[in-house]
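Structure below is run14.cif: mmCIF, C-alpha atoms.
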```cif
data_work
#
loop_
_atom_site.label_atom_id
_atom_site.label_comp_id
_atom_site.auth_asym_id
_atom_site.auth_seq_id
_atom_site.Cartn_x
_atom_site.Cartn_y
_atom_site.Cartn_z
CA MET V 281 -123.36 -108.44 -125.80
CA PRO V 282 -120.26 -110.65 -125.24
CA VAL V 283 -121.13 -114.15 -124.02
CA ASP V 284 -119.11 -113.85 -120.78
CA ILE V 285 -120.73 -110.51 -119.84
CA ARG V 286 -124.16 -111.92 -120.55
CA ALA V 287 -123.39 -114.95 -118.38
CA THR V 288 -122.29 -112.64 -115.59
CA LEU V 289 -125.52 -110.67 -115.70
CA LEU V 290 -127.59 -113.81 -115.84
CA SER V 291 -125.75 -115.19 -112.82
CA VAL V 292 -127.06 -112.42 -110.56
CA PRO V 293 -130.62 -113.76 -110.33
CA ALA V 294 -129.23 -117.30 -110.23
CA LEU V 295 -127.08 -116.42 -107.24
CA ALA V 296 -129.99 -114.68 -105.55
CA ALA V 297 -132.06 -117.79 -105.98
CA LEU V 298 -129.43 -119.84 -104.18
CA ALA V 299 -130.52 -118.20 -100.96
CA THR V 300 -134.21 -118.94 -101.31
CA ALA V 301 -134.90 -121.79 -103.69
CA VAL V 302 -131.80 -123.97 -103.81
CA GLU V 303 -133.72 -127.22 -104.18
CA ALA V 304 -135.47 -125.92 -107.29
CA LEU V 305 -132.28 -124.86 -109.09
CA PRO V 306 -130.50 -126.97 -111.68
CA ARG V 307 -127.61 -128.84 -110.09
CA ASP V 308 -125.12 -126.88 -112.22
CA ALA V 309 -126.32 -123.42 -111.10
CA LEU V 310 -123.35 -122.82 -108.80
CA TRP V 311 -120.92 -123.81 -111.53
CA LEU V 312 -122.55 -121.33 -113.92
CA VAL V 313 -122.18 -118.57 -111.33
CA VAL V 314 -118.50 -119.36 -110.78
CA ARG V 315 -117.81 -119.54 -114.50
CA SER V 316 -119.35 -116.10 -114.96
CA CYS V 317 -117.24 -114.72 -112.08
CA VAL V 318 -114.09 -115.97 -113.78
CA GLY V 319 -115.19 -114.31 -117.03
CA ALA V 320 -115.98 -111.04 -115.26
CA GLU V 321 -112.60 -111.03 -113.52
CA ARG V 322 -110.85 -111.61 -116.82
CA LEU V 323 -112.84 -109.01 -118.79
CA VAL V 324 -113.42 -106.16 -116.35
CA GLY V 325 -111.13 -106.92 -113.40
CA SER V 326 -114.02 -107.56 -110.99
CA PRO V 327 -115.17 -110.99 -109.76
CA PHE V 328 -118.81 -109.90 -109.31
CA PRO V 329 -121.01 -111.57 -108.20
CA CYS V 330 -118.30 -113.55 -106.38
CA VAL V 331 -116.31 -112.14 -103.48
CA ARG V 332 -112.96 -113.14 -104.95
CA VAL V 333 -111.51 -115.18 -107.79
CA SER V 334 -108.04 -116.70 -107.59
CA PRO V 335 -107.08 -117.80 -111.11
CA GLY V 336 -104.57 -120.37 -109.94
CA SER V 337 -101.84 -122.05 -111.96
CA ALA V 338 -100.79 -125.47 -113.14
CA ALA V 339 -99.54 -126.24 -109.63
CA ASP V 340 -102.33 -124.52 -107.69
CA PRO V 341 -105.90 -124.83 -109.05
CA GLY V 342 -108.06 -121.71 -109.08
CA THR V 343 -110.92 -121.03 -106.68
CA ALA V 344 -113.79 -118.59 -106.32
CA LEU V 345 -115.33 -117.35 -103.08
CA VAL V 346 -119.11 -117.07 -103.21
CA ARG V 347 -121.28 -115.50 -100.51
CA PRO V 348 -124.93 -116.54 -100.79
CA PRO V 349 -127.19 -113.46 -100.94
CA GLY V 350 -128.47 -112.46 -97.52
CA ALA V 351 -125.74 -114.43 -95.74
CA ARG V 352 -123.77 -112.52 -93.15
CA SER V 353 -120.77 -114.79 -92.70
CA HIS V 354 -121.41 -117.90 -94.81
CA LEU V 355 -118.89 -118.41 -97.64
CA LEU V 356 -118.40 -121.08 -100.29
CA VAL V 357 -114.97 -122.00 -101.64
CA VAL V 358 -115.51 -123.36 -105.16
CA PRO V 359 -113.05 -124.63 -107.81
CA THR V 360 -112.92 -122.64 -111.03
CA THR V 361 -112.73 -125.86 -113.03
CA PRO V 362 -115.42 -128.58 -113.04
CA VAL V 363 -115.15 -130.83 -109.96
CA SER V 364 -118.36 -132.73 -109.21
CA GLY V 365 -118.03 -133.05 -105.44
CA ILE V 366 -116.53 -134.98 -102.56
CA GLU V 367 -116.36 -138.19 -104.60
CA ALA V 368 -114.30 -136.70 -107.48
CA PRO V 369 -111.11 -138.76 -108.00
CA VAL V 370 -109.04 -135.60 -108.62
CA LEU V 371 -109.48 -134.65 -104.95
CA GLN V 372 -107.38 -137.60 -103.83
CA GLY V 373 -104.25 -135.81 -105.09
CA GLU V 374 -102.73 -132.35 -105.06
CA ALA V 375 -105.96 -130.67 -106.12
CA GLY V 376 -107.69 -131.80 -102.93
CA ARG V 377 -104.86 -130.37 -100.85
CA ALA V 378 -104.98 -127.10 -102.78
CA TYR V 379 -108.73 -126.62 -102.26
CA TRP V 380 -108.29 -127.39 -98.56
CA ARG V 381 -105.59 -124.72 -98.31
CA ALA V 382 -107.87 -122.24 -100.07
CA ALA V 383 -110.54 -122.91 -97.44
CA LEU V 384 -108.03 -122.43 -94.63
CA ASP V 385 -106.93 -119.12 -96.12
CA ALA V 386 -110.53 -117.89 -96.53
CA ARG V 387 -111.46 -118.31 -92.85
CA PRO V 388 -110.43 -114.75 -91.86
CA LEU V 389 -113.11 -113.42 -94.19
CA VAL V 390 -115.74 -115.01 -91.95
CA VAL V 391 -114.20 -113.28 -88.93
CA GLU V 392 -114.06 -110.02 -90.88
CA ALA V 393 -117.74 -110.30 -91.83
CA LEU V 394 -118.54 -110.52 -88.11
CA LYS V 395 -116.37 -107.47 -87.38
CA GLY V 396 -113.85 -109.49 -85.42
CA ARG V 397 -116.36 -110.77 -82.86
CA LEU V 398 -115.50 -114.39 -83.61
CA PRO V 399 -112.20 -116.15 -82.86
CA LEU V 400 -110.67 -117.74 -85.94
CA ASN V 401 -110.79 -121.18 -84.31
CA ASP V 402 -114.61 -120.98 -84.25
CA VAL V 403 -114.79 -120.89 -88.06
CA ALA V 404 -115.68 -124.37 -89.31
CA MET V 405 -115.60 -125.95 -92.78
CA ALA V 406 -117.82 -128.62 -94.32
CA VAL V 407 -118.47 -130.56 -97.52
CA ASN V 408 -121.68 -132.54 -97.96
CA SER V 409 -122.14 -135.94 -99.57
CA LYS V 410 -123.58 -136.36 -103.06
CA GLY V 411 -127.00 -137.14 -101.61
CA GLY V 412 -126.75 -134.32 -99.09
CA ARG V 413 -125.92 -131.52 -101.51
CA SER V 414 -127.97 -129.57 -104.01
CA GLN V 415 -125.18 -128.61 -106.43
CA ASP V 416 -122.80 -130.83 -108.39
CA GLN V 417 -119.82 -128.51 -108.23
CA LEU V 418 -117.54 -128.97 -105.25
CA HIS V 419 -118.11 -126.28 -102.64
CA ILE V 420 -116.56 -126.05 -99.20
CA HIS V 421 -118.85 -124.30 -96.71
CA LEU V 422 -117.24 -121.87 -94.25
CA ASP V 423 -119.15 -120.42 -91.32
CA CYS V 424 -119.41 -120.40 -87.53
CA VAL V 425 -119.29 -123.71 -85.71
CA ASP V 426 -122.51 -124.66 -83.94
CA PRO V 427 -122.15 -123.90 -80.18
CA GLY V 428 -123.32 -127.37 -79.15
CA VAL V 429 -120.84 -128.98 -81.53
CA ARG V 430 -118.07 -126.78 -80.13
CA ALA V 431 -118.90 -127.84 -76.56
CA ALA V 432 -119.05 -131.54 -77.45
CA LEU V 433 -115.75 -131.44 -79.31
CA ASP V 434 -114.03 -129.56 -76.50
CA ALA V 435 -115.25 -132.19 -74.02
CA HIS V 436 -113.93 -135.11 -76.09
CA ALA V 437 -110.95 -133.58 -77.90
CA ARG V 438 -108.34 -135.35 -75.78
CA ALA V 439 -109.63 -138.72 -76.97
CA ILE V 440 -109.20 -137.80 -80.65
CA GLY V 441 -105.85 -138.85 -82.09
CA SER V 442 -104.09 -139.11 -85.43
CA THR V 443 -106.15 -142.09 -86.66
CA TRP V 444 -109.88 -142.30 -87.24
CA THR V 445 -111.92 -143.10 -84.14
CA ARG V 446 -115.68 -143.10 -83.53
CA LEU V 447 -116.88 -140.23 -81.36
CA PRO V 448 -118.73 -141.46 -78.27
CA VAL V 449 -121.44 -138.81 -78.72
CA THR V 450 -123.64 -137.77 -81.61
CA LEU V 451 -123.28 -134.35 -83.22
CA LYS V 452 -126.56 -132.80 -84.37
CA GLY V 453 -128.07 -136.28 -84.35
CA GLY V 454 -125.36 -137.89 -86.49
CA ARG V 455 -122.58 -140.37 -85.68
CA TYR V 456 -119.14 -139.17 -86.70
CA ASP V 457 -115.63 -140.55 -86.90
CA ALA V 458 -112.89 -138.10 -85.97
CA LEU V 459 -109.15 -137.55 -86.24
CA ARG V 460 -106.77 -134.78 -85.21
CA ILE V 461 -104.39 -132.84 -87.43
CA ASP V 462 -101.63 -130.87 -85.72
CA ALA V 463 -101.32 -127.21 -86.68
CA ALA V 464 -97.77 -127.68 -87.97
CA SER V 465 -98.87 -130.15 -90.65
CA ALA V 466 -102.31 -128.68 -91.42
CA ARG V 467 -101.45 -127.03 -94.74
CA ASP V 468 -100.10 -130.29 -96.16
CA PHE V 469 -103.21 -132.23 -95.15
CA ASN V 470 -105.78 -133.53 -97.64
CA PRO V 471 -109.15 -134.20 -95.99
CA PHE V 472 -110.49 -135.91 -99.12
CA ALA V 473 -107.65 -138.42 -99.12
CA ALA V 474 -108.16 -138.96 -95.39
CA LEU V 475 -111.78 -139.95 -96.05
CA ALA V 476 -110.57 -142.69 -98.39
CA ARG V 477 -108.80 -144.31 -95.41
CA LEU V 478 -112.12 -144.90 -93.63
CA PRO V 479 -113.76 -148.30 -94.05
CA ALA V 480 -116.32 -147.39 -96.70
CA THR V 481 -119.99 -148.22 -96.36
CA ARG V 482 -122.36 -148.65 -99.27
CA GLY V 483 -121.94 -145.72 -101.63
CA GLY V 484 -118.24 -145.17 -100.94
CA LEU V 485 -116.99 -141.59 -101.07
CA ARG V 486 -120.27 -140.40 -102.57
CA ALA V 487 -121.95 -141.15 -99.24
CA MET V 488 -119.34 -139.37 -97.13
CA SER V 489 -119.47 -135.89 -95.68
CA VAL V 490 -116.73 -134.06 -93.81
CA ALA V 491 -116.44 -131.12 -91.44
CA VAL V 492 -113.32 -129.57 -89.95
CA VAL V 493 -113.23 -127.57 -86.72
CA ALA V 494 -110.15 -125.99 -85.16
CA THR V 495 -109.23 -127.08 -81.65
CA ALA V 496 -110.11 -124.81 -78.76
CA ALA V 497 -107.76 -121.93 -77.99
CA ASP V 498 -106.55 -123.63 -74.80
CA ASP V 499 -106.05 -127.09 -76.33
CA PRO V 500 -102.52 -128.33 -75.52
CA ARG V 501 -102.24 -129.75 -79.05
CA PRO V 502 -103.44 -126.97 -81.36
CA GLY V 503 -104.68 -128.00 -84.75
CA PHE V 504 -107.90 -129.25 -86.33
CA LEU V 505 -110.49 -131.95 -85.65
CA VAL V 506 -111.69 -133.67 -88.82
CA LEU V 507 -115.19 -135.16 -88.61
CA ALA V 508 -116.57 -137.66 -91.12
CA ARG V 509 -120.07 -139.05 -91.44
CA GLN V 510 -121.16 -141.84 -93.77
CA ALA V 511 -124.81 -141.92 -94.79
CA PRO V 512 -126.70 -141.70 -98.10
CA ARG V 513 -127.60 -138.04 -97.41
CA ALA V 514 -124.73 -137.16 -95.06
CA HIS V 515 -124.83 -133.44 -94.37
CA ALA V 516 -121.88 -132.28 -92.27
CA GLU V 517 -122.89 -128.69 -93.00
CA ALA V 518 -125.35 -129.26 -90.12
CA LEU V 519 -122.38 -128.80 -87.76
CA LEU V 520 -122.12 -125.18 -88.90
CA ASP V 521 -124.42 -122.44 -87.64
CA HIS V 522 -125.33 -119.94 -90.34
CA GLY V 523 -126.98 -117.77 -87.69
CA CYS V 524 -123.63 -117.64 -85.89
CA GLU V 525 -124.94 -117.80 -82.34
CA ILE V 526 -121.45 -118.51 -81.04
CA ALA V 527 -120.31 -115.01 -82.03
CA SER V 528 -122.95 -113.55 -79.71
CA GLN V 529 -121.84 -115.89 -76.93
CA VAL V 530 -118.23 -114.83 -77.34
CA ALA V 531 -119.20 -111.15 -77.28
CA ALA V 532 -121.17 -111.67 -74.07
CA ARG V 533 -118.24 -113.18 -72.15
#
```
Please render this file's structure as structure tokens.
Amino acid sequence: MPVDIRATLLSVPALAALATAVEALPRDALWLVVRSCVGAERLVGSPFPCVRVSPGSAADPGTALVRPPGARSHLLVVPTTPVSGIEAPVLQGEAGRAYWRAALDARPLVVEALKGRLPLNDVAMAVNSKGGRSQDQLHIHLDCVDPGVRAALDAHARAIGSTWTRLPVTLKGGRYDALRIDAASARDFNPFAALARLPATRGGLRAMSVAVVATAADDPRPGFLVLARQAPRAHAEALLDHGCEIASQVAAR
């Protein structure tokens, strides 16, 4: 059996385990899954068990889209080359911008998974800190924004400008700094480079976590709100709701 095919078959139980026993998995399990998806795409023209593989080029690094088993709308955007996580130096340059664009472009798949019951601006993105993640391969989480987070951001959005400022309220029990990115410049933005402009606490970029939420549909300055938390186990994924309650709220309106 060719090595790449065998790796693909072996990745199926590994991917299934991601949904139920993530803490028990080796920290390279996600990378092994993505590597097998790339091999499957190359050999048989199918990215299974990934949703999609974009091979990329010298100017645009490749990515894979992974949906954890049992997840309805949750997606992971993962580089197809080794990138440890939020602290990786390569993310400060063009690669960081490219992975951000890949996450932006993948958001409609979350809406599609919910059969259009969720506005695109309610799809949020997050990357956890080194201490707050279980896998040492960069992965950008995409899913519904938590309804309470949405309400808090809508209430304070006007106070968020183009430079980092501390939010006056906590989000899911955490203190966050925030900045606003206008829609017109969003695709040229690099959230990883933006984190480097924050005064770093102990641990530097390894202790940072970031989430990005689009502004409300009626915001006079459409764009995105970037949220950063610094803590040894910072976990901005907490601002996402994998149960997607907000989709039910939207449908009930």
Sorted by chain and rising residue number, which residues of region 349-441 of chain V lie within 6 Å of region 476-498 of chain V, and what are their closest atom pairs and distances in Å to one decimal, counting all atoms listed in the file, as a tab-separated table?
```
residue	atom	partner	partner_atom	distance
V:Glu367	CA	V:Arg486	CA	4.9
V:Asn401	CA	V:Ala494	CA	4.9
V:Ala404	CA	V:Val493	CA	4.8
V:Met405	CA	V:Val492	CA	5.1
V:Ala406	CA	V:Ala491	CA	4.1
V:Val407	CA	V:Val490	CA	5.4
V:Asn408	CA	V:Ser489	CA	4.6
V:Ser409	CA	V:Ser489	CA	4.7
V:Lys410	CA	V:Arg486	CA	5.2
```
Could the residues in this selection be written to a file with C-alpha atoms, as a compact mmCIF listing (two decimals), keeping the file's coordinate frame?
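File produced: result_15.txt:
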```
# COMPACT_ATOMS: atom_id res chain seq x y z
CA GLU V 367 -116.36 -138.19 -104.60
CA ASN V 401 -110.79 -121.18 -84.31
CA ALA V 404 -115.68 -124.37 -89.31
CA MET V 405 -115.60 -125.95 -92.78
CA ALA V 406 -117.82 -128.62 -94.32
CA VAL V 407 -118.47 -130.56 -97.52
CA ASN V 408 -121.68 -132.54 -97.96
CA SER V 409 -122.14 -135.94 -99.57
CA LYS V 410 -123.58 -136.36 -103.06
```
Apply the PyMOL selection byres ((chain V and resi 362) around 12) to the structure shown and report the selected residues as a list in words.
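Applied to this file, the PyMOL selection byres ((chain V and resi 362) around 12) selects Asp308, Leu310, Trp311, Leu312, Val314, Arg315, Pro341, Gly342, Thr343, Val358, Pro359, Thr360, Thr361, Val363, Ser364, Gly365, Ala368, Val370, Leu371, Ala375, Gln415, Asp416, Gln417, Leu418 and His419 of chain V.
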Best match for closeness to Val390 (chain V) among V:Ala338, V:Leu355, V:Leu345, V:Ile420, counting all atoms listed in the file:
V:Leu355
My list of candidates is V:Ser528, V:Val506, V:Arg413, V:Ala351. Which is closest to Asn470 (chain V) when distances are computed with all atoms listed in the file?
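Looking only at the distances to Asn470 (chain V), the closest residue turns out to be V:Val506.
Using all atoms listed in the file, the nearest neighbour of His515 (chain V) within the list V:Ala383, V:Leu451, V:Leu398, V:Leu475 is V:Leu451.
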Can you work out which one of V:Asp426, V:Val331, V:Ser316, V:Gly376 has the shortest atom-to-atom distance to Leu389 (chain V), counting all atoms listed in the file?
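Of all the options, V:Val331 lies closest to Leu389 (chain V).
Interatomic distance, CA of Gly411 (chain V) to CA of Ala514 (chain V): 6.9 Å.
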Which residues match the PyMOL selection byres ((chain V and resi 428-442) around 7) in the file above, as a VMD selection string?
chain V and resid 425 to 427 443 to 445 451 458 to 461 496 519
Computed gap from CA of His354 (chain V) to CA of Val530 (chain V) is 18.0 Å
Two-atom distance - CA of Ala516 (chain V), CA of Cys424 (chain V) (Å):
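Separation between CA of Ala516 (chain V) and CA of Cys424 (chain V): 13.0 Å.
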Spatial neighbours of Tyr456 (chain V), 9 Å, all atoms listed in the file, chain gap at least 5 places, as a tab-separated table (two decimals) with C-alpha atoms, in the coordinates of the input:
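Final file, result_14.tsv:
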```
chain	number	residue	atom	x	y	z
V	445	THR	CA	-111.92	-143.10	-84.14
V	446	ARG	CA	-115.68	-143.10	-83.53
V	447	LEU	CA	-116.88	-140.23	-81.36
V	448	PRO	CA	-118.73	-141.46	-78.27
V	449	VAL	CA	-121.44	-138.81	-78.72
V	450	THR	CA	-123.64	-137.77	-81.61
V	451	LEU	CA	-123.28	-134.35	-83.22
V	507	LEU	CA	-115.19	-135.16	-88.61
V	508	ALA	CA	-116.57	-137.66	-91.12
V	509	ARG	CA	-120.07	-139.05	-91.44
V	510	GLN	CA	-121.16	-141.84	-93.77
```
Hey, could you patch up region 412-436 of chain V with N, CA, C and O atoms and hand it over as a short mmCIF file (atom, residue, chain, number, x, y, z; two decimals), in the coordinates of the input?
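Contents of the output file out-v3.cif:
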```
data_model
loop_
_atom_site.label_atom_id
_atom_site.label_comp_id
_atom_site.auth_asym_id
_atom_site.auth_seq_id
_atom_site.Cartn_x
_atom_site.Cartn_y
_atom_site.Cartn_z
N GLY V 412 -126.44 -135.39 -100.03
CA GLY V 412 -126.75 -134.32 -99.09
C GLY V 412 -126.52 -132.93 -99.63
O GLY V 412 -126.64 -131.96 -98.89
N ARG V 413 -126.18 -132.83 -100.91
CA ARG V 413 -125.92 -131.52 -101.51
C ARG V 413 -126.95 -131.23 -102.58
O ARG V 413 -127.64 -132.13 -103.07
N SER V 414 -127.03 -129.97 -102.96
CA SER V 414 -127.97 -129.57 -104.01
C SER V 414 -127.27 -129.19 -105.30
O SER V 414 -127.92 -129.03 -106.33
N GLN V 415 -125.94 -129.04 -105.26
CA GLN V 415 -125.18 -128.61 -106.43
C GLN V 415 -124.05 -129.60 -106.72
O GLN V 415 -123.38 -130.06 -105.80
N ASP V 416 -123.84 -129.89 -107.99
CA ASP V 416 -122.80 -130.83 -108.39
C ASP V 416 -121.55 -130.11 -108.86
O ASP V 416 -120.98 -130.42 -109.91
N GLN V 417 -121.14 -129.13 -108.09
CA GLN V 417 -119.82 -128.51 -108.23
C GLN V 417 -119.29 -128.42 -106.80
O GLN V 417 -119.96 -127.91 -105.90
N LEU V 418 -118.10 -128.97 -106.59
CA LEU V 418 -117.54 -128.97 -105.25
C LEU V 418 -117.63 -127.59 -104.61
O LEU V 418 -117.29 -126.59 -105.24
N HIS V 419 -118.11 -127.53 -103.39
CA HIS V 419 -118.11 -126.28 -102.64
C HIS V 419 -117.87 -126.59 -101.17
O HIS V 419 -118.53 -127.45 -100.59
N ILE V 420 -116.91 -125.91 -100.60
CA ILE V 420 -116.56 -126.05 -99.20
C ILE V 420 -117.26 -124.92 -98.44
O ILE V 420 -117.00 -123.75 -98.69
N HIS V 421 -118.14 -125.29 -97.52
CA HIS V 421 -118.85 -124.30 -96.71
C HIS V 421 -117.94 -123.79 -95.60
O HIS V 421 -117.28 -124.58 -94.91
N LEU V 422 -117.94 -122.50 -95.38
CA LEU V 422 -117.24 -121.87 -94.25
C LEU V 422 -118.25 -121.04 -93.47
O LEU V 422 -118.98 -120.23 -94.05
N ASP V 423 -118.29 -121.24 -92.17
CA ASP V 423 -119.15 -120.42 -91.32
C ASP V 423 -118.84 -120.76 -89.86
O ASP V 423 -117.95 -121.56 -89.57
N CYS V 424 -119.61 -120.18 -88.96
CA CYS V 424 -119.41 -120.40 -87.53
C CYS V 424 -119.73 -121.85 -87.16
O CYS V 424 -120.67 -122.45 -87.69
N VAL V 425 -118.97 -122.39 -86.23
CA VAL V 425 -119.29 -123.71 -85.71
C VAL V 425 -120.52 -123.60 -84.81
O VAL V 425 -120.73 -122.59 -84.13
N ASP V 426 -121.35 -124.62 -84.83
CA ASP V 426 -122.51 -124.66 -83.94
C ASP V 426 -122.03 -124.71 -82.49
O ASP V 426 -121.11 -125.48 -82.16
N PRO V 427 -122.62 -123.93 -81.58
CA PRO V 427 -122.15 -123.90 -80.18
C PRO V 427 -122.19 -125.26 -79.50
O PRO V 427 -121.28 -125.61 -78.73
N GLY V 428 -123.24 -126.05 -79.75
CA GLY V 428 -123.32 -127.37 -79.15
C GLY V 428 -122.24 -128.30 -79.66
O GLY V 428 -121.69 -129.12 -78.91
N VAL V 429 -121.92 -128.19 -80.94
CA VAL V 429 -120.84 -128.98 -81.53
C VAL V 429 -119.51 -128.58 -80.91
O VAL V 429 -118.68 -129.42 -80.55
N ARG V 430 -119.29 -127.27 -80.76
CA ARG V 430 -118.07 -126.78 -80.13
C ARG V 430 -117.90 -127.36 -78.73
O ARG V 430 -116.83 -127.85 -78.37
N ALA V 431 -118.96 -127.34 -77.94
CA ALA V 431 -118.90 -127.84 -76.56
C ALA V 431 -118.62 -129.33 -76.54
O ALA V 431 -117.80 -129.81 -75.74
N ALA V 432 -119.27 -130.10 -77.43
CA ALA V 432 -119.05 -131.54 -77.45
C ALA V 432 -117.63 -131.88 -77.87
O ALA V 432 -116.99 -132.77 -77.29
N LEU V 433 -117.12 -131.17 -78.86
CA LEU V 433 -115.75 -131.44 -79.31
C LEU V 433 -114.73 -131.07 -78.24
O LEU V 433 -113.75 -131.78 -78.03
N ASP V 434 -114.95 -129.96 -77.57
CA ASP V 434 -114.03 -129.56 -76.50
C ASP V 434 -114.01 -130.62 -75.39
O ASP V 434 -112.96 -130.91 -74.81
N ALA V 435 -115.16 -131.20 -75.10
CA ALA V 435 -115.25 -132.19 -74.02
C ALA V 435 -114.55 -133.50 -74.39
O ALA V 435 -114.07 -134.22 -73.50
N HIS V 436 -114.48 -133.81 -75.68
CA HIS V 436 -113.93 -135.11 -76.09
C HIS V 436 -112.65 -134.99 -76.91
O HIS V 436 -112.14 -136.00 -77.41
#
```
